[in-house]
>>> print(open('start11.cif').read())   # mmCIF, C-alpha atoms
data_start
loop_
_atom_site.label_atom_id
_atom_site.label_comp_id
_atom_site.auth_asym_id
_atom_site.auth_seq_id
_atom_site.Cartn_x
_atom_site.Cartn_y
_atom_site.Cartn_z
CA MET A 166 25.53 -79.69 -62.05
CA ALA A 167 28.38 -77.47 -60.95
CA LEU A 168 28.94 -76.90 -57.28
CA ILE A 169 28.89 -73.31 -56.21
CA PRO A 170 30.95 -72.48 -53.15
CA TRP A 171 28.88 -71.02 -50.39
CA LYS A 172 31.28 -68.13 -49.92
CA SER A 173 30.96 -66.80 -53.43
CA ARG A 174 27.20 -66.63 -53.10
CA GLU A 175 27.72 -64.31 -50.20
CA ALA A 176 29.91 -62.17 -52.42
CA TRP A 177 27.13 -61.91 -55.00
CA SER A 178 24.77 -60.66 -52.41
CA ASP A 179 26.91 -57.56 -51.99
CA PRO A 180 27.82 -56.17 -55.42
CA PHE A 181 29.41 -53.12 -53.81
CA ARG A 182 32.06 -55.15 -52.07
CA GLU A 183 33.99 -55.65 -55.27
CA LEU A 184 33.76 -51.97 -56.10
CA GLU A 185 35.08 -51.22 -52.67
CA GLN A 186 38.03 -53.50 -53.28
CA ILE A 187 38.80 -51.75 -56.54
CA GLN A 188 38.65 -48.42 -54.76
CA ASN A 189 41.05 -49.62 -52.06
CA THR A 190 43.48 -50.89 -54.66
CA MET A 191 43.35 -47.59 -56.54
CA ASN A 192 43.91 -45.63 -53.33
CA ARG A 193 46.97 -47.70 -52.52
CA LEU A 194 48.30 -47.18 -56.03
CA PHE A 195 47.95 -43.40 -55.70
CA ASP A 196 49.51 -43.39 -52.24
CA VAL A 197 52.62 -45.06 -53.58
CA SER A 198 52.89 -43.18 -56.87
CA LEU A 199 52.22 -39.74 -55.39
CA GLY A 200 54.68 -40.37 -52.61
CA ARG A 201 52.25 -40.16 -49.71
CA HIS A 202 54.17 -42.33 -47.32
CA THR A 203 52.18 -42.31 -44.15
CA GLY A 204 53.22 -44.48 -41.28
CA LYS A 205 51.09 -47.39 -42.34
CA GLU A 206 53.14 -48.17 -45.43
CA LEU A 207 56.57 -48.14 -43.87
CA MET A 208 57.80 -51.04 -45.91
CA ALA A 209 56.40 -49.61 -49.13
CA TRP A 210 58.73 -46.63 -48.85
CA ASP A 211 60.99 -46.02 -51.77
CA THR A 212 63.92 -48.35 -51.89
CA GLU A 213 66.44 -45.76 -52.93
CA TRP A 214 67.91 -42.85 -51.11
CA ASP A 215 66.16 -39.93 -52.71
CA PRO A 216 65.76 -36.77 -50.63
CA ALA A 217 62.33 -35.21 -50.23
CA VAL A 218 62.22 -31.71 -51.68
CA ASP A 219 59.93 -28.70 -51.37
CA VAL A 220 60.08 -25.97 -54.02
CA TYR A 221 58.30 -22.66 -53.48
CA ASP A 222 58.00 -19.99 -56.13
CA SER A 223 57.19 -16.29 -55.92
CA LYS A 224 57.72 -13.39 -58.29
CA ASP A 225 61.00 -12.40 -56.63
CA ALA A 226 62.61 -15.69 -55.68
CA ILE A 227 62.47 -19.45 -55.50
CA VAL A 228 63.00 -21.30 -52.23
CA VAL A 229 64.11 -24.94 -52.20
CA LYS A 230 64.17 -27.10 -49.08
CA ALA A 231 65.59 -30.62 -49.06
CA ASP A 232 65.65 -33.14 -46.21
CA LEU A 233 69.21 -34.42 -45.94
CA PRO A 234 69.47 -35.88 -42.44
CA GLY A 235 72.91 -37.14 -41.52
CA VAL A 236 74.68 -35.67 -44.55
CA ASN A 237 77.81 -33.64 -43.84
CA LYS A 238 77.80 -30.08 -45.14
CA GLU A 239 81.04 -30.75 -47.03
CA ASP A 240 79.43 -33.66 -48.88
CA ILE A 241 76.68 -31.57 -50.47
CA ASP A 242 77.24 -30.24 -53.98
CA ILE A 243 74.85 -27.72 -55.50
CA SER A 244 74.92 -26.41 -59.04
CA VAL A 245 72.57 -24.33 -61.17
CA LEU A 246 72.85 -24.62 -64.91
CA ASN A 247 70.39 -22.65 -66.97
CA ASP A 248 67.05 -23.61 -65.46
CA THR A 249 68.13 -26.81 -63.77
CA LEU A 250 69.14 -27.04 -60.15
CA VAL A 251 71.15 -30.12 -59.24
CA ILE A 252 71.63 -31.15 -55.62
CA LYS A 253 73.97 -34.08 -55.21
CA GLY A 254 76.12 -35.55 -52.52
CA GLU A 255 76.85 -38.52 -50.41
CA LYS A 256 75.55 -39.78 -47.10
CA LYS A 257 78.29 -41.61 -45.28
CA GLN A 258 77.63 -44.26 -42.71
CA GLU A 259 78.59 -43.40 -39.15
CA LYS A 260 81.45 -45.50 -37.92
CA GLU A 261 81.45 -44.94 -34.17
CA VAL A 262 79.50 -48.05 -33.13
CA LYS A 263 80.72 -51.08 -34.97
CA GLU A 264 81.50 -53.56 -32.28
CA LYS A 265 78.54 -55.82 -32.77
CA GLY A 266 77.27 -54.23 -35.96
CA SER A 267 73.71 -53.14 -36.52
CA ILE A 268 70.71 -55.17 -35.50
CA ARG A 269 68.33 -53.33 -37.74
CA SER A 270 68.94 -50.73 -40.38
CA GLU A 271 66.31 -48.97 -42.44
CA ARG A 272 68.44 -46.00 -43.36
CA PHE A 273 70.05 -45.60 -46.75
CA TYR A 274 73.59 -44.51 -47.37
CA GLY A 275 75.53 -43.61 -50.46
CA SER A 276 75.29 -41.00 -53.15
CA PHE A 277 72.16 -39.17 -54.14
CA GLN A 278 71.25 -36.75 -56.86
CA ARG A 279 68.20 -34.64 -57.46
CA ALA A 280 67.69 -32.46 -60.53
CA ILE A 281 64.93 -29.89 -60.36
CA THR A 282 63.70 -27.81 -63.26
CA LEU A 283 63.16 -24.27 -62.08
CA PRO A 284 60.78 -21.74 -63.48
CA GLY A 285 63.14 -19.52 -65.51
CA GLY A 286 64.95 -16.33 -64.65
CA VAL A 287 67.12 -17.35 -61.68
CA ASP A 288 70.08 -15.08 -61.03
CA THR A 289 72.68 -17.86 -60.73
CA GLY A 290 75.25 -15.53 -59.19
CA LYS A 291 73.06 -14.79 -56.15
CA VAL A 292 72.06 -18.27 -55.02
CA THR A 293 72.59 -18.86 -51.31
CA ALA A 294 72.46 -22.12 -49.36
CA ALA A 295 72.21 -22.97 -45.67
CA TYR A 296 72.24 -26.37 -43.96
CA LYS A 297 70.65 -26.69 -40.56
CA ASN A 298 69.18 -29.59 -38.58
CA GLY A 299 69.44 -31.87 -41.58
CA VAL A 300 67.60 -29.53 -43.94
CA LEU A 301 69.24 -27.81 -46.88
CA GLU A 302 67.61 -24.49 -47.71
CA LEU A 303 68.35 -22.65 -50.94
CA ALA A 304 67.30 -19.14 -51.84
CA LEU A 305 67.37 -18.42 -55.56
CA PRO A 306 66.57 -14.78 -56.37
CA LYS A 307 65.20 -14.04 -59.80
CA LYS A 308 66.83 -11.67 -62.29
CA GLU A 309 65.40 -8.19 -62.49
CA ASP A 310 64.40 -8.57 -66.13
CA ALA A 311 62.70 -11.88 -65.43
CA LYS A 312 60.39 -10.45 -62.81
CA PRO A 313 56.92 -9.63 -64.02
CA LYS A 314 56.56 -5.91 -64.59
CA GLN A 315 53.46 -3.99 -63.99
CA ILE A 316 52.67 -1.68 -66.86
CA LYS A 317 50.32 1.11 -66.12
CA VAL A 318 48.04 2.11 -68.90
CA ASP A 319 46.39 5.45 -68.64
CA VAL A 320 42.79 5.42 -69.60
CA LYS A 321 41.92 8.52 -71.51
CA MET B 294 38.70 -32.10 -20.48
CA ARG B 295 42.13 -33.59 -20.11
CA TYR B 296 41.05 -36.54 -22.19
CA MET B 297 39.94 -34.17 -24.97
CA GLN B 298 43.33 -32.49 -24.94
CA GLU B 299 45.05 -35.87 -25.15
CA CYS B 300 42.89 -36.79 -28.14
CA ARG B 301 43.84 -33.57 -29.87
CA ASP B 302 47.51 -34.21 -29.14
CA GLU B 303 47.11 -37.70 -30.60
CA GLN B 304 45.32 -36.33 -33.66
CA GLN B 305 48.31 -34.34 -34.89
CA TYR B 306 50.41 -37.51 -35.00
CA ARG B 307 48.01 -39.46 -37.18
CA GLU B 308 49.73 -38.37 -40.37
CA ALA B 309 53.17 -38.58 -38.79
CA VAL B 310 56.16 -39.83 -40.70
CA ILE B 311 57.75 -42.90 -39.13
CA PRO B 312 61.42 -41.99 -39.00
CA ARG B 313 63.89 -44.46 -40.46
CA ILE B 314 66.11 -45.91 -37.78
CA THR B 315 69.31 -47.83 -37.29
CA ILE B 316 69.82 -49.91 -34.16
CA MET B 317 73.37 -50.75 -33.15
CA GLU B 318 74.59 -52.71 -30.20
CA THR B 319 77.75 -52.74 -28.14
CA ASP B 320 78.48 -54.83 -25.04
CA SER B 321 77.26 -52.10 -22.74
CA ALA B 322 74.63 -50.19 -24.71
CA VAL B 323 72.15 -50.09 -27.55
CA VAL B 324 72.37 -47.07 -29.86
CA VAL B 325 69.39 -45.98 -31.97
CA LYS B 326 69.69 -43.36 -34.67
CA ALA B 327 66.53 -41.89 -36.18
CA GLU B 328 66.33 -39.63 -39.22
CA MET B 329 64.23 -36.65 -38.19
CA ALA B 330 65.27 -33.73 -40.36
CA GLY B 331 64.19 -30.15 -39.79
CA LEU B 332 63.28 -30.10 -36.10
CA GLN B 333 64.23 -27.85 -33.22
CA LYS B 334 65.65 -29.60 -30.17
CA GLU B 335 62.80 -28.23 -28.01
CA ASN B 336 60.18 -29.93 -30.19
CA ILE B 337 61.57 -33.43 -29.77
CA ASN B 338 60.02 -35.62 -27.14
CA VAL B 339 61.54 -38.91 -25.98
CA GLU B 340 59.46 -40.89 -23.52
CA ALA B 341 59.97 -44.28 -21.93
CA HIS B 342 56.78 -45.95 -20.70
CA ASP B 343 55.82 -49.54 -19.86
CA GLY B 344 58.82 -51.07 -21.58
CA ASN B 345 58.29 -48.96 -24.71
CA LEU B 346 60.16 -45.95 -25.96
CA THR B 347 58.32 -43.31 -27.97
CA ILE B 348 60.18 -40.71 -29.97
CA ARG B 349 58.25 -37.81 -31.38
CA GLY B 350 59.04 -34.59 -33.12
CA LYS B 351 56.77 -31.78 -34.19
CA ALA B 352 56.70 -28.33 -35.80
CA LYS B 353 58.93 -29.21 -38.73
CA ASP B 354 58.98 -26.24 -41.07
CA THR B 355 56.85 -27.54 -43.95
CA ALA B 356 54.52 -24.57 -44.35
CA ILE B 357 54.50 -22.61 -47.61
CA PRO B 358 56.09 -19.18 -46.94
CA ASP B 359 53.89 -16.12 -47.41
CA GLY B 360 53.64 -14.94 -51.00
CA TYR B 361 54.94 -18.22 -52.41
CA VAL B 362 53.25 -21.05 -54.28
CA ALA B 363 54.41 -24.65 -53.94
CA LEU B 364 55.83 -26.31 -57.05
CA TYR B 365 56.98 -29.45 -55.21
CA GLN B 366 55.81 -30.50 -51.77
CA GLU B 367 57.31 -33.81 -50.77
CA ARG B 368 58.19 -32.89 -47.20
CA TYR B 369 54.54 -33.12 -46.41
CA SER B 370 54.29 -33.89 -42.73
CA PRO B 371 55.44 -31.61 -39.91
CA VAL B 372 55.50 -34.45 -37.36
CA TYR B 373 57.43 -37.63 -36.70
CA SER B 374 56.44 -40.46 -34.39
CA ARG B 375 57.71 -43.92 -33.62
CA THR B 376 57.49 -46.36 -30.75
CA LEU B 377 60.13 -49.00 -30.05
CA THR B 378 60.07 -51.87 -27.59
CA LEU B 379 62.78 -51.52 -24.99
CA GLY B 380 62.80 -55.02 -23.58
CA ASN B 381 64.21 -55.79 -20.17
CA GLN B 382 67.88 -55.27 -20.84
CA ILE B 383 67.68 -51.47 -21.06
CA ASP B 384 67.70 -49.18 -18.06
CA PRO B 385 65.12 -46.49 -18.98
CA GLU B 386 66.55 -44.11 -16.38
CA LYS B 387 69.86 -43.87 -18.18
CA ILE B 388 68.78 -43.20 -21.76
CA SER B 389 70.39 -40.13 -23.25
CA ALA B 390 69.45 -38.33 -26.46
CA VAL B 391 71.36 -36.01 -28.79
CA TYR B 392 69.97 -34.21 -31.87
CA GLU B 393 72.48 -33.30 -34.54
CA GLN B 394 72.30 -32.79 -38.32
CA GLY B 395 68.72 -33.98 -38.34
CA ILE B 396 69.59 -37.26 -36.63
CA LEU B 397 68.31 -38.16 -33.18
CA THR B 398 70.79 -40.44 -31.44
CA LEU B 399 69.60 -42.37 -28.39
CA THR B 400 72.20 -44.08 -26.26
CA MET B 401 70.60 -46.69 -24.05
CA PRO B 402 72.90 -48.33 -21.51
CA LYS B 403 72.08 -51.91 -20.61
CA THR B 404 71.06 -52.77 -17.08
CA GLU B 405 73.77 -54.00 -14.74
CA LYS B 406 72.34 -57.51 -14.62
CA VAL B 407 72.76 -58.20 -18.35
CA LEU B 408 76.27 -56.79 -18.57
CA PRO B 409 78.91 -59.50 -18.87
CA LYS B 410 80.61 -60.05 -15.52
CA LYS B 411 84.18 -61.02 -15.14
CA ILE B 412 84.60 -63.58 -12.41
CA PRO B 413 88.09 -63.73 -10.99
CA VAL B 414 89.62 -67.17 -10.65
CA LEU B 415 91.16 -67.59 -7.26
#
>>> encode(input="start11.cif", output="C-alpha coordinates")
Amino acid sequence: MALIPWKSREAWSDPFRELEQIQNTMNRLFDVSLGRHTGKELMAWDTEWDPAVDVYDSKDAIVVKADLPGVNKEDIDISVLNDTLVIKGEKKQEKEVKEKGSIRSERFYGSFQRAITLPGGVDTGKVTAAYKNGVLELALPKKEDAKPKQIKVDVK
Amino acid sequence: MRYMQECRDEQQYREAVIPRITIMETDSAVVVKAEMAGLQKENINVEAHDGNLTIRGKAKDTAIPDGYVALYQERYSPVYSRTLTLGNQIDPEKISAVYEQGILTLTMPKTEKVLPKKIPVL
(Lines of atoms letter the chains of each structure in order from A and count residues from 1; the text may use other names and numbers.)
(Lines give C-alpha, C1' and ligand atoms only; values in the text may rest on other atoms or scores of the structure.)
Protein backbone atom coordinates (compact mmCIF):
# COMPACT_ATOMS: atom_id res chain seq x y z
CA MET A 1 0.00 0.00 0.00
CA ALA A 2 1.39 3.37 -0.99
CA LEU A 3 1.68 6.06 1.63
CA ILE A 4 -0.14 9.24 0.83
CA PRO A 5 1.31 12.38 2.37
CA TRP A 6 -1.15 14.14 4.58
CA LYS A 7 -0.50 17.47 2.90
CA SER A 8 -1.53 16.35 -0.55
CA ARG A 9 -4.86 15.14 0.75
CA GLU A 10 -5.50 18.65 1.91
CA ALA A 11 -4.72 19.85 -1.60
CA TRP A 12 -7.32 17.48 -3.04
CA SER A 13 -9.92 18.88 -0.79
CA ASP A 14 -9.61 22.23 -2.54
CA PRO A 15 -9.59 21.69 -6.32
CA PHE A 16 -9.69 25.44 -6.90
CA ARG A 17 -6.35 26.00 -5.27
CA GLU A 18 -4.50 24.64 -8.25
CA LEU A 19 -6.55 26.76 -10.62
CA GLU A 20 -5.70 29.75 -8.51
CA GLN A 21 -2.02 28.94 -8.80
CA ILE A 22 -2.31 28.70 -12.57
CA GLN A 23 -4.06 32.05 -12.63
CA ASN A 24 -1.31 33.65 -10.52
CA THR A 25 1.37 32.26 -12.79
CA MET A 26 -0.43 33.56 -15.88
CA ASN A 27 -0.85 37.00 -14.30
CA ARG A 28 2.85 37.18 -13.55
CA LEU A 29 3.66 36.14 -17.10
CA PHE A 30 1.49 38.92 -18.51
CA ASP A 31 2.91 41.48 -16.10
CA VAL A 32 6.41 40.78 -17.34
CA SER A 33 5.63 40.42 -21.05
CA LEU A 34 3.37 43.47 -21.25
CA GLY A 35 5.88 45.56 -19.36
CA ARG A 36 3.74 46.34 -16.34
CA HIS A 37 6.53 46.88 -13.90
CA THR A 38 4.87 47.85 -10.69
CA GLY A 39 6.92 48.30 -7.59
CA LYS A 40 6.50 44.73 -6.46
CA GLU A 41 8.59 43.27 -9.25
CA LEU A 42 11.58 45.54 -8.98
CA MET A 43 14.05 42.80 -9.67
CA ALA A 44 12.05 41.48 -12.60
CA TRP A 45 12.59 44.74 -14.46
CA ASP A 46 14.18 44.47 -17.85
CA THR A 47 17.88 43.89 -17.70
CA GLU A 48 18.75 46.20 -20.54
CA TRP A 49 18.61 49.93 -20.83
CA ASP A 50 15.60 50.45 -23.03
CA PRO A 51 13.73 53.74 -22.68
CA ALA A 52 9.99 53.72 -22.08
CA VAL A 53 8.11 55.40 -24.91
CA ASP A 54 4.64 56.84 -25.41
CA VAL A 55 3.35 57.41 -28.95
CA TYR A 56 0.17 59.39 -29.54
CA ASP A 57 -1.49 59.73 -32.92
CA SER A 58 -4.02 62.20 -34.26
CA LYS A 59 -5.06 63.21 -37.75
CA ASP A 60 -2.68 66.17 -37.81
CA ALA A 61 0.38 64.97 -35.94
CA ILE A 62 2.14 62.28 -33.96
CA VAL A 63 3.59 62.97 -30.53
CA VAL A 64 6.37 60.79 -29.11
CA LYS A 65 7.57 60.98 -25.51
CA ALA A 66 10.55 59.01 -24.25
CA ASP A 67 11.93 58.79 -20.70
CA LEU A 68 15.65 59.45 -20.92
CA PRO A 69 16.69 60.44 -17.40
CA GLY A 70 20.32 61.43 -17.05
CA VAL A 71 21.05 61.52 -20.78
CA ASN A 72 22.77 64.65 -22.07
CA LYS A 73 20.96 66.51 -24.83
CA GLU A 74 24.05 66.27 -27.04
CA ASP A 75 24.07 62.48 -26.72
CA ILE A 76 20.60 62.00 -28.22
CA ASP A 77 20.35 61.25 -31.94
CA ILE A 78 16.98 61.26 -33.69
CA SER A 79 16.32 60.27 -37.26
CA VAL A 80 13.20 59.65 -39.33
CA LEU A 81 13.50 57.46 -42.38
CA ASN A 82 10.34 56.75 -44.30
CA ASP A 83 7.96 55.56 -41.61
CA THR A 84 10.53 54.60 -39.01
CA LEU A 85 11.59 56.86 -36.19
CA VAL A 86 14.89 55.95 -34.56
CA ILE A 87 15.90 57.41 -31.21
CA LYS A 88 19.40 56.45 -30.18
CA GLY A 89 22.06 57.75 -27.88
CA GLU A 90 24.22 57.06 -24.93
CA LYS A 91 23.79 57.47 -21.21
CA LYS A 92 27.12 58.26 -19.64
CA GLN A 93 27.93 57.50 -16.05
CA GLU A 94 28.41 60.50 -13.79
CA LYS A 95 31.96 60.81 -12.61
CA GLU A 96 31.77 63.30 -9.76
CA VAL A 97 31.65 60.84 -6.85
CA LYS A 98 34.17 58.10 -7.30
CA GLU A 99 36.15 58.12 -4.13
CA LYS A 100 34.70 55.01 -2.58
CA GLY A 101 32.74 53.88 -5.62
CA SER A 102 29.10 52.92 -5.55
CA ILE A 103 27.53 50.81 -2.86
CA ARG A 104 24.50 49.93 -4.89
CA SER A 105 23.67 50.60 -8.50
CA GLU A 106 20.47 49.67 -10.27
CA ARG A 107 20.82 52.17 -13.06
CA PHE A 108 21.94 51.22 -16.54
CA TYR A 109 24.45 53.10 -18.61
CA GLY A 110 25.61 52.81 -22.18
CA SER A 111 24.04 53.11 -25.57
CA PHE A 112 20.40 52.63 -26.35
CA GLN A 113 18.33 52.50 -29.48
CA ARG A 114 14.62 52.47 -30.08
CA ALA A 115 13.04 52.13 -33.51
CA ILE A 116 9.37 52.98 -33.78
CA THR A 117 7.20 52.38 -36.81
CA LEU A 118 4.99 55.39 -37.34
CA PRO A 119 1.64 55.48 -39.01
CA GLY A 120 2.53 56.92 -42.44
CA GLY A 121 2.53 60.44 -43.77
CA VAL A 122 4.98 62.23 -41.46
CA ASP A 123 6.43 65.44 -42.87
CA THR A 124 10.07 64.64 -42.06
CA GLY A 125 11.17 68.22 -42.64
CA LYS A 126 8.98 69.57 -39.83
CA VAL A 127 9.87 67.27 -36.94
CA THR A 128 10.71 69.12 -33.74
CA ALA A 129 12.26 67.79 -30.54
CA ALA A 130 12.56 69.13 -27.00
CA TYR A 131 14.32 67.62 -23.98
CA LYS A 132 13.17 68.64 -20.54
CA ASN A 133 13.38 67.04 -17.09
CA GLY A 134 14.68 63.82 -18.57
CA VAL A 135 11.87 63.46 -21.10
CA LEU A 136 12.37 63.74 -24.85
CA GLU A 137 9.28 65.03 -26.62
CA LEU A 138 8.94 64.86 -30.39
CA ALA A 139 6.25 66.49 -32.49
CA LEU A 140 5.87 64.97 -35.95
CA PRO A 141 3.34 66.83 -38.10
CA LYS A 142 1.71 64.91 -40.91
CA LYS A 143 1.89 65.90 -44.57
CA GLU A 144 -1.10 67.74 -45.96
CA ASP A 145 -1.85 65.03 -48.51
CA ALA A 146 -1.66 62.33 -45.86
CA LYS A 147 -4.32 63.90 -43.68
CA PRO A 148 -7.76 62.42 -44.06
CA LYS A 149 -9.94 64.66 -46.19
CA GLN A 150 -13.56 65.14 -45.69
CA ILE A 151 -15.47 64.90 -48.93
CA LYS A 152 -18.88 66.39 -48.95
CA VAL A 153 -21.42 64.64 -51.06
CA ASP A 154 -24.51 66.55 -51.94
CA VAL A 155 -27.63 64.55 -51.67
CA LYS A 156 -29.97 65.38 -54.47
CA MET B 1 -11.37 63.02 8.08
CA ARG B 2 -7.65 63.53 8.09
CA TYR B 3 -7.16 59.79 8.08
CA MET B 4 -9.36 59.52 4.98
CA GLN B 5 -7.27 62.12 3.21
CA GLU B 6 -4.09 60.24 4.13
CA CYS B 7 -5.58 57.04 2.72
CA ARG B 8 -6.40 58.79 -0.53
CA ASP B 9 -2.88 60.21 -0.70
CA GLU B 10 -1.52 56.70 -0.14
CA GLN B 11 -3.82 55.27 -2.79
CA GLN B 12 -2.25 57.24 -5.64
CA TYR B 13 1.15 55.72 -4.85
CA ARG B 14 -0.01 52.12 -5.03
CA GLU B 15 0.87 51.83 -8.70
CA ALA B 16 3.99 53.95 -8.30
CA VAL B 17 7.16 53.18 -10.17
CA ILE B 18 10.10 52.46 -7.88
CA PRO B 19 12.83 54.68 -9.28
CA ARG B 20 16.17 53.07 -10.05
CA ILE B 21 18.88 54.41 -7.79
CA THR B 22 22.62 54.57 -7.41
CA ILE B 23 24.16 55.01 -3.98
CA MET B 24 27.69 56.39 -3.79
CA GLU B 25 29.79 57.11 -0.77
CA THR B 26 32.58 59.51 0.03
CA ASP B 27 34.33 60.01 3.37
CA SER B 28 31.96 62.78 4.35
CA ALA B 29 28.68 62.02 2.58
CA VAL B 30 26.42 59.50 0.91
CA VAL B 31 25.06 60.50 -2.50
CA VAL B 32 21.89 58.91 -3.89
CA LYS B 33 20.78 59.43 -7.47
CA ALA B 34 17.28 58.38 -8.49
CA GLU B 35 15.91 58.25 -12.02
CA MET B 36 12.62 60.14 -11.97
CA ALA B 37 12.02 61.47 -15.45
CA GLY B 38 9.31 63.95 -16.36
CA LEU B 39 8.59 65.68 -13.06
CA GLN B 40 8.35 69.30 -12.00
CA LYS B 41 10.52 70.30 -9.06
CA GLU B 42 7.42 71.35 -7.08
CA ASN B 43 5.95 67.84 -7.32
CA ILE B 44 8.90 66.10 -5.72
CA ASN B 45 8.71 65.35 -2.04
CA VAL B 46 11.69 64.22 0.03
CA GLU B 47 10.93 63.31 3.63
CA ALA B 48 13.11 61.94 6.40
CA HIS B 49 11.20 60.13 9.15
CA ASP B 50 12.17 57.61 11.83
CA GLY B 51 15.49 56.74 10.25
CA ASN B 52 13.92 56.32 6.81
CA LEU B 53 14.01 58.56 3.79
CA THR B 54 11.05 58.61 1.41
CA ILE B 55 11.32 60.14 -2.02
CA ARG B 56 8.17 60.68 -4.01
CA GLY B 57 7.21 62.37 -7.21
CA LYS B 58 3.82 62.90 -8.76
CA ALA B 59 2.00 64.47 -11.71
CA LYS B 60 4.31 63.10 -14.38
CA ASP B 61 2.82 63.98 -17.75
CA THR B 62 1.56 60.58 -18.89
CA ALA B 63 -1.95 61.57 -19.95
CA ILE B 64 -3.02 61.17 -23.58
CA PRO B 65 -3.33 64.67 -25.11
CA ASP B 66 -6.78 65.75 -26.30
CA GLY B 67 -7.66 64.50 -29.77
CA TYR B 68 -4.94 61.85 -29.77
CA VAL B 69 -5.03 58.07 -29.48
CA ALA B 70 -2.22 56.12 -27.84
CA LEU B 71 -0.23 53.76 -30.04
CA TYR B 72 2.37 52.96 -27.37
CA GLN B 73 1.96 53.65 -23.68
CA GLU B 74 4.93 52.40 -21.72
CA ARG B 75 5.31 55.42 -19.45
CA TYR B 76 2.29 54.22 -17.61
CA SER B 77 2.53 55.61 -14.11
CA PRO B 78 2.45 59.30 -13.20
CA VAL B 79 3.97 58.68 -9.75
CA TYR B 80 7.25 57.52 -8.26
CA SER B 81 7.86 56.36 -4.71
CA ARG B 82 10.70 54.78 -2.81
CA THR B 83 11.79 54.52 0.80
CA LEU B 84 15.41 54.06 1.85
CA THR B 85 16.84 53.32 5.27
CA LEU B 86 19.08 56.12 6.47
CA GLY B 87 20.87 54.37 9.29
CA ASN B 88 22.55 56.28 12.07
CA GLN B 89 25.45 57.76 10.19
CA ILE B 90 23.39 60.32 8.26
CA ASP B 91 22.33 63.65 9.66
CA PRO B 92 18.73 64.06 8.39
CA GLU B 93 18.84 67.81 8.99
CA LYS B 94 21.55 68.32 6.41
CA ILE B 95 20.20 66.37 3.44
CA SER B 96 20.03 68.42 0.28
CA ALA B 97 18.24 67.56 -2.97
CA VAL B 98 18.69 68.72 -6.56
CA TYR B 99 16.53 67.75 -9.56
CA GLU B 100 18.19 67.93 -12.94
CA GLN B 101 17.69 66.13 -16.27
CA GLY B 102 15.18 63.81 -14.68
CA ILE B 103 17.60 62.73 -11.95
CA LEU B 104 17.02 63.48 -8.29
CA THR B 105 20.35 63.79 -6.49
CA LEU B 106 20.35 63.61 -2.70
CA THR B 107 23.50 64.61 -0.88
CA MET B 108 23.46 63.30 2.66
CA PRO B 109 26.33 64.45 4.87
CA LYS B 110 27.42 62.02 7.55
CA THR B 111 27.05 62.95 11.19
CA GLU B 112 30.07 64.45 12.92
CA LYS B 113 30.58 61.40 15.10
CA VAL B 114 31.20 58.99 12.21
CA LEU B 115 33.53 61.30 10.33
CA PRO B 116 37.17 60.23 10.59
CA LYS B 117 38.99 62.39 13.12
CA LYS B 118 42.58 63.33 12.85
CA ILE B 119 44.28 63.16 16.21
CA PRO B 120 47.41 65.25 16.43
CA VAL B 121 50.45 63.56 17.89
CA LEU B 122 52.08 65.76 20.45
>>> residues_around(input="start11.cif", residues="stretch 407-410 of chain B", least_positions_apart="6", cutoff="9 Å", atoms="all atoms listed in the file", output="ChimeraX atom specification")
/B:320-321,382-383
>>> closest_residue(input="start11.cif", among="A:Ala294, A:Pro234, A:Arg269, A:Ile252", to="B:Tyr392", atoms="all atoms listed in the file")
A:Pro234
>>> resolve_selection(input="start11.cif", expression="the PyMOL selection byres ((chain B) within 10 of (chain A))", output="PyMOL selection string")
chain B and resi 306-320+322-334+354-370+373-375+392-397
>>> resolve_selection(input="start11.cif", expression="the PyMOL selection byres ((chain B and resi 379) around 7)", output="JSON, numbers by chain")
{"B": [344, 345, 346, 377, 378, 380, 381, 383]}
>>> resolve_selection(input="start11.cif", expression="the PyMOL selection byres ((chain A and resi 245) around 10)", output="list in words")
Ile243, Ser244, Leu246, Asn247, Asp248, Thr249, Leu250, Val251, Ile252, Ala280, Ile281, Thr282, Leu283, Val287, Asp288, Thr289, Gly290, Val292 and Leu305 of chain A
>>> write_last_selection(input="start11.cif", atoms="C-alpha atoms", output="PDB file, keeping the file's coordinate frame")
ATOM      1  CA  ILE A 243      74.850 -27.720 -55.500  1.00  0.00           C
ATOM      2  CA  SER A 244      74.920 -26.410 -59.040  1.00  0.00           C
ATOM      3  CA  LEU A 246      72.850 -24.620 -64.910  1.00  0.00           C
ATOM      4  CA  ASN A 247      70.390 -22.650 -66.970  1.00  0.00           C
ATOM      5  CA  ASP A 248      67.050 -23.610 -65.460  1.00  0.00           C
ATOM      6  CA  THR A 249      68.130 -26.810 -63.770  1.00  0.00           C
ATOM      7  CA  LEU A 250      69.140 -27.040 -60.150  1.00  0.00           C
ATOM      8  CA  VAL A 251      71.150 -30.120 -59.240  1.00  0.00           C
ATOM      9  CA  ILE A 252      71.630 -31.150 -55.620  1.00  0.00           C
ATOM     10  CA  ALA A 280      67.690 -32.460 -60.530  1.00  0.00           C
ATOM     11  CA  ILE A 281      64.930 -29.890 -60.360  1.00  0.00           C
ATOM     12  CA  THR A 282      63.700 -27.810 -63.260  1.00  0.00           C
ATOM     13  CA  LEU A 283      63.160 -24.270 -62.080  1.00  0.00           C
ATOM     14  CA  VAL A 287      67.120 -17.350 -61.680  1.00  0.00           C
ATOM     15  CA  ASP A 288      70.080 -15.080 -61.030  1.00  0.00           C
ATOM     16  CA  THR A 289      72.680 -17.860 -60.730  1.00  0.00           C
ATOM     17  CA  GLY A 290      75.250 -15.530 -59.190  1.00  0.00           C
ATOM     18  CA  VAL A 292      72.060 -18.270 -55.020  1.00  0.00           C
ATOM     19  CA  LEU A 305      67.370 -18.420 -55.560  1.00  0.00           C
TER      20      LEU A 305
END
>>> atom_distance(input="start11.cif", atom1="atom CA of A:Phe277", atom2="atom CA of B:Leu399")
26.1 Å
>>> atom_distance(input="start11.cif", atom1="atom CA of B:Lys406", atom2="atom CA of B:Val391")
25.8 Å
>>> atom_distance(input="start11.cif", atom1="atom CA of A:Ile241", atom2="atom CA of B:Glu335")
26.6 Å
